[in-house]
Protein chains: 2
Amino acid sequence: MNNAEVMPASGKTAVSEADKLSVSVLKFGGTSVKNLARIQHVAEVVRDRLKVGAKILVVVSAMGDTTDYLLKLGSQCAKNPDRRELDSLLSTGEQISITLLAMTLKEMGIKSRSFTASQIGILTEKVHSKARIVDINSDNLTRALQENDVLVVAGFQGVTADGDITTLGRGGSDTTACALAAAICADVCDIYTDVDGIYTADPNVIAEARLLKRVSYGEVIEMARLGAQVLHPRAVELARQYKVRLRVRNTFRPDHEGTIIDQGEGENMEIYRSISGVAVDKDQSCVTIMDVPDKPGIAGRIMQALADNNIVIDMIMQAFHSTAGHNNITFTVHSTDLDLTIKTLEGIKGDLDASSVISDCDIAKVSLIGAGLAGQSGIAATIFKAFGSAGINIKMIATSEMKLTCVVSAKDADKASKIMHSSFGEEI
Amino acid sequence: MNNAEVMPASGKTAVSEADKLSVSVLKFGGTSVKNLARIQHVAEVVRDRLKVGAKILVVVSAMGDTTDYLLKLGSQCAKNPDRRELDSLLSTGEQISITLLAMTLKEMGIKSRSFTASQIGILTEKVHSKARIVDINSDNLTRALQENDVLVVAGFQGVTADGDITTLGRGGSDTTACALAAAICADVCDIYTDVDGIYTADPNVIAEARLLKRVSYGEVIEMARLGAQVLHPRAVELARQYKVRLRVRNTFRPDHEGTIIDQGEGENMEIYRSISGVAVDKDQSCVTIMDVPDKPGIAGRIMQALADNNIVIDMIMQAFHSTAGHNNITFTVHSTDLDLTIKTLEGIKGDLDASSVISDCDIAKVSLIGAGLAGQSGIAATIFKAFGSAGINIKMIATSEMKLTCVVSAKDADKASKIMHSSFGEEI
C-alpha cells in the first residue's frame, strides 16, 4: 500500500520568491502540551525562537490523554463508532490545545492566531481515521503569516472537499508539520519531543545508546517504521519528498541542538556510519492464514481485502505446509489493527478455501538499521549466532538495503536489542 | 440596542414547495445531554419522534458543565482570553455532544450525521462571544436532510464569512434552533428542557404556579427577558419574526404536551388571560453614574459607550440630584457584564464631568406579565400596597404594554414574587 501523502507540486511552487517569508515550523506533541503549565512552557520556547527573526508556525497535538479520553467516550456510545463522527469528535482535542496556546501567546503580547485544519485548509482524501493529505492552501498560510507572527495549527486533522473533518492516523501531527513546512517552504521543521534527539537505540533499555547528531531520511524511516518512536515514517517520507530539513529536539532542553535529519549528502557525509542504530517495536502482532491453496492470485486477494479496510501490513512470509499444494501466509500488523485483520480474514476464509486464521500478539520486532548494511556481509550470521547462544528463537526475518529485522517473542525483545547493539558496538 | 437576528428572507423562501420536507426541529439543552446516559435517553426520544414520519433536525448544547470547564481553562491561560480563541475553544463543547449523539443514533440504525455550525453554514456577523446569525445555508440543510433522517447540529455556535468560529452568547442554542426552524420551514420547533413547560411563576418558589397550555410570543419574550429562564427572548423574537411554532417540552416526560408558543391568535384565543405569570431575575445588577451634568446628549454618549462594548442595558432611571443641574443615571445590566460596565463608565467619567460610578449587585427584578396588563388600571397600586405591607422596598419601577417590573433587594425577591402571584391569583 502506498502511504505517501499525495500533495501536488503546487504546494512547493505557489509561493513566489518576492512573497517568500522566512518561516520555521515547530511541532509539539501531546506530552509537551500535557497541561496548562506545559502549554505556558511551550509558549516560552516559541517566544524565544521568535527573537531570532523568522515567523513561526506551531503545530500541536491534543493535550496528554485527551485523545484517549475522547476515544473512550465514543466507544461508550457505540460498539463501532461511526468513523466520520469519531474523527470530528477527536479533532476537538487539538482544537482545545491550539486555542489555549494561541491565548497564552497573545497574553505574552505576541501576534498569534489558531487554525483548525478546516480553517487553514489542510485538504485530505475522504478516508476517515487514516486520511492522507492531498493539498494545503498555501495562499491561506501566506496571508495568515503576513498578518501574524505565530500561527498555531492543529496537528493530526484534515478536512475533505465536502467539509467533513478527517484525522490522519498514527504520526498525524508529525505529518501535518512536515506538510505545512513543505507548503510554506519553511527553513526548518523542528519536531519537539521529550528526548534530546535520535539515539542509536532506546537509552532506557541500552545504557550505551548514543545520540546521533545527523542522520539521513532513509535511516530514520527505517528506524521509525521499526518502532524507534521518534518520528512517524510517513512524516519523514513527506519531508524527504519535499526536501524539508527536520530536527528532533527536546522541549524541556530547548538549547540542545538535537538531531538533524536531511538527505545525508555533502560535507558532513563522513559522520554517517554503516550502522546507525537498533530499533524495537513491541506493538506488532503476527497473523497467519492457514492452508491456503497454492494458486496464483490468492495472496493478492488477501492483500486487497486488507487494503480495502485500510490495514497496513508489514513483514510477509509464505511457508509451505505439510499438505501438498497448500501454504500458510504469515504477516505482521500493528496490534491496534489485529481485531479488524482477523475479522477481515475470517470473512474471506471460505472464498479462499483456507482452513483457519491464527494470531500471536506476543511478539516484538528487533531491527538493526544503517545506510551501509547492504554492503556488509556476515551481519546476519553474527546476529543469528549471538541470538542462538542467548536462547532467543527467531520467528521471522526480513532484510532490506538499510535494515535487518527479526521477529522474536515479546519477552526476548530487550535482550535481543542489547545483543544487537553490543554485537555492532564499534560500527554504531 | 437591536438584538434581533438579521436573517434575510431568503431563508424563508429558498425551499420550493416541491422540495419541501416535513421537518421537526428538536433542541436539547446542557442538562438533557449532561452525561452519556442522558445522550442515550435523548437518542431514544429522537427515535420515538422519528416514528411519526417527519425528518428531524436536532440542536444540542454542550454536555453539562463542559462550557464552564473550557471557560476555566481559558481564564487560566490568559487574564482576558482573546475572544476569537475563546469562541473556538468553547465551540468544541458542542462538537463533542453532536458527534456522540450522532454515533448513538447510528448505533440504533438511524441515518444520522452531525454538523458543526461551520459545516452546515450558520453564518454570523464578525463579533465574538455574542454574534448574531446573518444567514443559514438552506441548500446545505435541504441536501443533508434528503440524505439523512436525523441531522444533529451544534447549537450556540456560528462561523463568519472568513471561517472564524463565533459563539452566539446567552440563549445561543435556543436561537440556533429557531433560526434553523425558520430556514427549513420546520413544522415545529420543540425546546426540550427539564420542566413540563412554561408556568405562571417559578413552581419551586410558588406552589400555586400553574402550567400554561398556550402563550403568545410577546408574553414569553417578556417572561424570558425578566428571568423566567424558559427561553431566551432573542430566540423567541426570531421565532415570532419567522412565525416558527415553538413548544417547550420536558426531556424526561416526552409524552407530556408542554406549552405551545405562537402568535396568540385564532380559535383558541379565549384561553389567553389578562395576566399570564410572574417572573423573577436574580442575575441583574444596578449601576449608577453620579452627578452627570443635565445637558442634552449626555445619556446618548453613555449608551453609545456601553453599546460599543456590546453591553445590553435594561431598565433606565434618571433621578434629579440635590446638586442643581446634575442628575444620577441608574440602569440595570446582566451581572456578568457588571465589571465591563463599570470599567467602561470609569473610562468616560472624566469626559462627562460625572463624579463617580457606584453599583449594587444585591438586587432582583420581579415582574408581572400579561397581554392584558395595559387595559387594567389599579394593578400598580395593588402591588405597591401589598409590598408596603410586607416591608418590601421598591428600588426601581418600569412598565410596558405587557409587564410591570419592580427592582427589589435580592433577599426580598421570593417574597415579592409570592405576593404578586397571590394578588392576581384569579387573573393568573
# chains A, B, ... in the order shown; residues from 1 in each chain; ligands from 1
>>> residues_around(residues="range 231-245 of chain B", least_positions_apart="5", cutoff="8 Å", atoms="only C-alpha atoms", output="compact mmCIF listing (two decimals) with C-alpha atoms, in the first residue's frame")
# COMPACT_ATOMS: atom_id res chain seq x y z
CA ASN B 3 -30.64 42.24 19.30
CA ALA B 4 -32.79 40.66 16.63
CA GLU B 5 -31.02 38.29 14.28
CA LYS B 12 -37.76 31.55 4.44
CA ARG B 170 -26.70 33.70 26.08
CA GLY B 171 -29.65 31.80 24.67
CA GLY B 172 -27.43 30.72 21.81
CA ASP B 174 -32.36 28.22 21.51
CA THR B 175 -31.53 30.82 18.86
CA THR B 176 -29.79 28.22 16.68
CA CYS B 178 -35.30 28.81 15.98
CA ALA B 179 -33.09 30.04 13.14
CA ALA B 181 -36.52 26.00 12.03
CA ALA B 182 -37.08 29.25 10.13
CA CYS B 185 -39.68 25.99 7.27
CA ALA B 186 -39.99 23.39 10.02
CA ASP B 187 -43.44 22.28 11.18
CA VAL B 188 -42.49 22.87 14.79
CA CYS B 189 -39.51 23.74 16.97
CA TYR B 217 -44.52 35.07 21.63
CA VAL B 220 -42.82 34.69 26.58
CA ILE B 221 -40.38 37.38 25.44
CA GLU B 222 -41.34 39.49 28.45
CA ALA B 224 -37.81 35.37 29.41
CA ARG B 225 -36.30 38.84 29.44
CA ILE B 260 -47.24 25.91 22.82
CA ILE B 261 -45.89 29.35 21.91
CA ASP B 262 -47.40 31.07 18.88
CA GLN B 263 -48.92 34.32 17.75
>>> residues_around(residues="Thr160 in chain A", least_positions_apart="3", cutoff="6 Å", atoms="only C-alpha atoms", output="number ranges by chain")
A: 123-124, 126, 163-164
>>> write_last_selection(atoms="C-alpha atoms", output="compact mmCIF listing (two decimals), in the first residue's frame")
# COMPACT_ATOMS: atom_id res chain seq x y z
CA LEU A 123 -7.26 19.07 2.45
CA THR A 124 -7.29 15.28 2.72
CA LYS A 126 -12.21 11.18 2.03
CA GLY A 163 -16.13 19.89 4.69
CA ASP A 164 -16.01 16.65 6.66
>>> closest_atom_pairs(of="chain A", to="chain B", cutoff="10 Å", atoms="only C-alpha atoms", output="tab-separated table")
residue	atom	partner	partner_atom	distance
A:Asn35	CA	B:Leu73	CA	9.9
A:Leu36	CA	B:Cys77	CA	7.1
A:Ala37	CA	B:Cys77	CA	9.0
A:Ile39	CA	B:Cys77	CA	8.5
A:Gln40	CA	B:Cys77	CA	7.7
A:Leu70	CA	B:Ile96	CA	8.4
A:Leu73	CA	B:Leu100	CA	7.7
A:Gly74	CA	B:Leu100	CA	6.3
A:Ser75	CA	B:Met103	CA	9.3
A:Gln76	CA	B:Leu36	CA	7.7
A:Cys77	CA	B:Thr104	CA	5.2
A:Ala78	CA	B:Glu107	CA	5.6
A:Lys79	CA	B:Glu107	CA	7.6
A:Asn80	CA	B:Glu107	CA	7.8
A:Pro81	CA	B:Met103	CA	5.8
A:Asp82	CA	B:Met103	CA	5.8
A:Arg83	CA	B:Met103	CA	8.9
A:Arg84	CA	B:Arg113	CA	8.6
A:Glu85	CA	B:Thr99	CA	5.1
A:Leu86	CA	B:Thr99	CA	6.9
A:Asp87	CA	B:Thr99	CA	8.9
A:Ser88	CA	B:Thr99	CA	6.7
A:Leu89	CA	B:Ile96	CA	5.4
A:Leu90	CA	B:Ile96	CA	8.4
A:Ser91	CA	B:Thr92	CA	8.8
A:Thr92	CA	B:Thr92	CA	5.4
A:Gly93	CA	B:Thr92	CA	8.3
A:Glu94	CA	B:Thr92	CA	9.8
A:Gln95	CA	B:Leu89	CA	6.6
A:Ile96	CA	B:Leu89	CA	5.4
A:Ser97	CA	B:Leu89	CA	8.5
A:Ile98	CA	B:Leu89	CA	8.5
A:Thr99	CA	B:Glu85	CA	5.1
A:Leu100	CA	B:Gly74	CA	6.3
A:Leu101	CA	B:Cys77	CA	7.9
A:Ala102	CA	B:Glu85	CA	7.0
A:Met103	CA	B:Pro81	CA	5.8
A:Thr104	CA	B:Cys77	CA	5.2
A:Leu105	CA	B:Ala78	CA	8.9
A:Lys106	CA	B:Asp82	CA	7.3
A:Glu107	CA	B:Ala78	CA	5.6
A:Met108	CA	B:Ala78	CA	8.9
A:Ser112	CA	B:Glu85	CA	9.9
A:Arg113	CA	B:Glu85	CA	7.6
A:Ser114	CA	B:Glu85	CA	6.9
A:Phe115	CA	B:Asp164	CA	8.8
A:Thr116	CA	B:Ser88	CA	9.2
A:Ser118	CA	B:Gly163	CA	8.6
A:Gln119	CA	B:Gly163	CA	6.0
A:Ile120	CA	B:Gly163	CA	9.0
A:Asp162	CA	B:Gln119	CA	8.7
A:Gly163	CA	B:Gln119	CA	6.0
A:Asp164	CA	B:Gln119	CA	7.4
A:Ile165	CA	B:Gln119	CA	9.1
>>> residues_around(residues="range 56-58 of chain B", least_positions_apart="2", cutoff="9 Å", atoms="only C-alpha atoms", output="list in words")
Ser22, Val23, Ser24, Val25, Leu26, Lys27, Phe28, Val46, Arg49, Leu50, Ala54, Val60, Ile98, Leu145, Asp149, Val150, Leu151, Val152, Val153, Ala154, Ala177, Leu180 and Ala181 of chain B
>>> write_last_selection(atoms="N, CA and C atoms", output="PDB file, in the first residue's frame")
ATOM      1  N   SER B  22     -41.051  17.551   5.328  1.00  0.00           N
ATOM      2  CA  SER B  22     -41.677  17.750   6.626  1.00  0.00           C
ATOM      3  C   SER B  22     -40.598  17.531   7.694  1.00  0.00           C
ATOM      4  N   VAL B  23     -40.270  18.605   8.407  1.00  0.00           N
ATOM      5  CA  VAL B  23     -39.153  18.560   9.350  1.00  0.00           C
ATOM      6  C   VAL B  23     -39.585  19.087  10.711  1.00  0.00           C
ATOM      7  N   SER B  24     -39.179  18.389  11.771  1.00  0.00           N
ATOM      8  CA  SER B  24     -39.340  18.918  13.121  1.00  0.00           C
ATOM      9  C   SER B  24     -37.954  19.267  13.662  1.00  0.00           C
ATOM     10  N   VAL B  25     -37.854  20.418  14.317  1.00  0.00           N
ATOM     11  CA  VAL B  25     -36.603  20.776  14.982  1.00  0.00           C
ATOM     12  C   VAL B  25     -36.762  20.491  16.470  1.00  0.00           C
ATOM     13  N   LEU B  26     -35.782  19.788  17.044  1.00  0.00           N
ATOM     14  CA  LEU B  26     -35.801  19.450  18.473  1.00  0.00           C
ATOM     15  C   LEU B  26     -34.531  19.995  19.104  1.00  0.00           C
ATOM     16  N   LYS B  27     -34.675  20.774  20.150  1.00  0.00           N
ATOM     17  CA  LYS B  27     -33.481  21.307  20.807  1.00  0.00           C
ATOM     18  C   LYS B  27     -33.354  20.750  22.219  1.00  0.00           C
ATOM     19  N   PHE B  28     -32.139  20.259  22.540  1.00  0.00           N
ATOM     20  CA  PHE B  28     -31.872  19.719  23.875  1.00  0.00           C
ATOM     21  C   PHE B  28     -30.747  20.517  24.521  1.00  0.00           C
ATOM     22  N   VAL B  46     -35.556  10.990  20.287  1.00  0.00           N
ATOM     23  CA  VAL B  46     -35.477  11.310  18.857  1.00  0.00           C
ATOM     24  C   VAL B  46     -36.010  10.135  18.034  1.00  0.00           C
ATOM     25  N   ARG B  49     -39.726  10.009  18.147  1.00  0.00           N
ATOM     26  CA  ARG B  49     -40.314  11.078  17.351  1.00  0.00           C
ATOM     27  C   ARG B  49     -40.246  10.766  15.860  1.00  0.00           C
ATOM     28  N   LEU B  50     -39.181  10.055  15.487  1.00  0.00           N
ATOM     29  CA  LEU B  50     -38.961   9.727  14.080  1.00  0.00           C
ATOM     30  C   LEU B  50     -40.069   8.824  13.541  1.00  0.00           C
ATOM     31  N   ALA B  54     -41.884  12.591  10.127  1.00  0.00           N
ATOM     32  CA  ALA B  54     -41.096  13.717   9.624  1.00  0.00           C
ATOM     33  C   ALA B  54     -39.609  13.478   9.852  1.00  0.00           C
ATOM     34  N   VAL B  60     -28.184  20.530  19.737  1.00  0.00           N
ATOM     35  CA  VAL B  60     -27.785  20.248  21.124  1.00  0.00           C
ATOM     36  C   VAL B  60     -26.758  21.254  21.629  1.00  0.00           C
ATOM     37  N   ILE B  98     -22.510  16.760  19.755  1.00  0.00           N
ATOM     38  CA  ILE B  98     -23.180  16.364  18.500  1.00  0.00           C
ATOM     39  C   ILE B  98     -22.613  15.061  17.951  1.00  0.00           C
ATOM     40  N   LEU B 145     -30.731  16.888   4.734  1.00  0.00           N
ATOM     41  CA  LEU B 145     -31.980  16.258   5.171  1.00  0.00           C
ATOM     42  C   LEU B 145     -32.478  15.221   4.174  1.00  0.00           C
ATOM     43  N   ASP B 149     -31.997  10.904   7.975  1.00  0.00           N
ATOM     44  CA  ASP B 149     -33.267  11.056   8.674  1.00  0.00           C
ATOM     45  C   ASP B 149     -33.144  12.024   9.844  1.00  0.00           C
ATOM     46  N   VAL B 150     -31.949  12.062  10.428  1.00  0.00           N
ATOM     47  CA  VAL B 150     -31.732  12.967  11.564  1.00  0.00           C
ATOM     48  C   VAL B 150     -30.430  13.728  11.359  1.00  0.00           C
ATOM     49  N   LEU B 151     -30.490  15.055  11.424  1.00  0.00           N
ATOM     50  CA  LEU B 151     -29.277  15.870  11.466  1.00  0.00           C
ATOM     51  C   LEU B 151     -29.069  16.315  12.906  1.00  0.00           C
ATOM     52  N   VAL B 152     -27.839  16.224  13.362  1.00  0.00           N
ATOM     53  CA  VAL B 152     -27.523  16.707  14.710  1.00  0.00           C
ATOM     54  C   VAL B 152     -26.623  17.928  14.545  1.00  0.00           C
ATOM     55  N   VAL B 153     -27.132  19.100  14.902  1.00  0.00           N
ATOM     56  CA  VAL B 153     -26.419  20.350  14.645  1.00  0.00           C
ATOM     57  C   VAL B 153     -25.996  20.994  15.973  1.00  0.00           C
ATOM     58  N   ALA B 154     -24.776  21.512  15.979  1.00  0.00           N
ATOM     59  CA  ALA B 154     -24.240  22.172  17.175  1.00  0.00           C
ATOM     60  C   ALA B 154     -24.963  23.486  17.421  1.00  0.00           C
ATOM     61  N   ALA B 177     -31.722  26.850  17.213  1.00  0.00           N
ATOM     62  CA  ALA B 177     -32.880  26.002  16.896  1.00  0.00           C
ATOM     63  C   ALA B 177     -33.952  26.801  16.139  1.00  0.00           C
ATOM     64  N   LEU B 180     -32.718  27.687  12.568  1.00  0.00           N
ATOM     65  CA  LEU B 180     -32.761  26.532  11.669  1.00  0.00           C
ATOM     66  C   LEU B 180     -34.207  26.203  11.305  1.00  0.00           C
ATOM     67  N   ALA B 181     -35.097  26.278  12.288  1.00  0.00           N
ATOM     68  CA  ALA B 181     -36.516  26.004  12.029  1.00  0.00           C
ATOM     69  C   ALA B 181     -37.060  26.985  10.997  1.00  0.00           C
TER      70      ALA B 181
END
>>> residues_around(residues="Gly29 in chain A", least_positions_apart="6", cutoff="10 Å", atoms="only C-alpha atoms", output="NGL selection string")
:A and (59-64 or 155 or 173-174 or 191-194 or 251)
>>> closest_residue(among="B:Arg47, B:Lys385, B:Lys395, B:His256", to="Ser285 in chain B", atoms="only C-alpha atoms")
B:Lys395
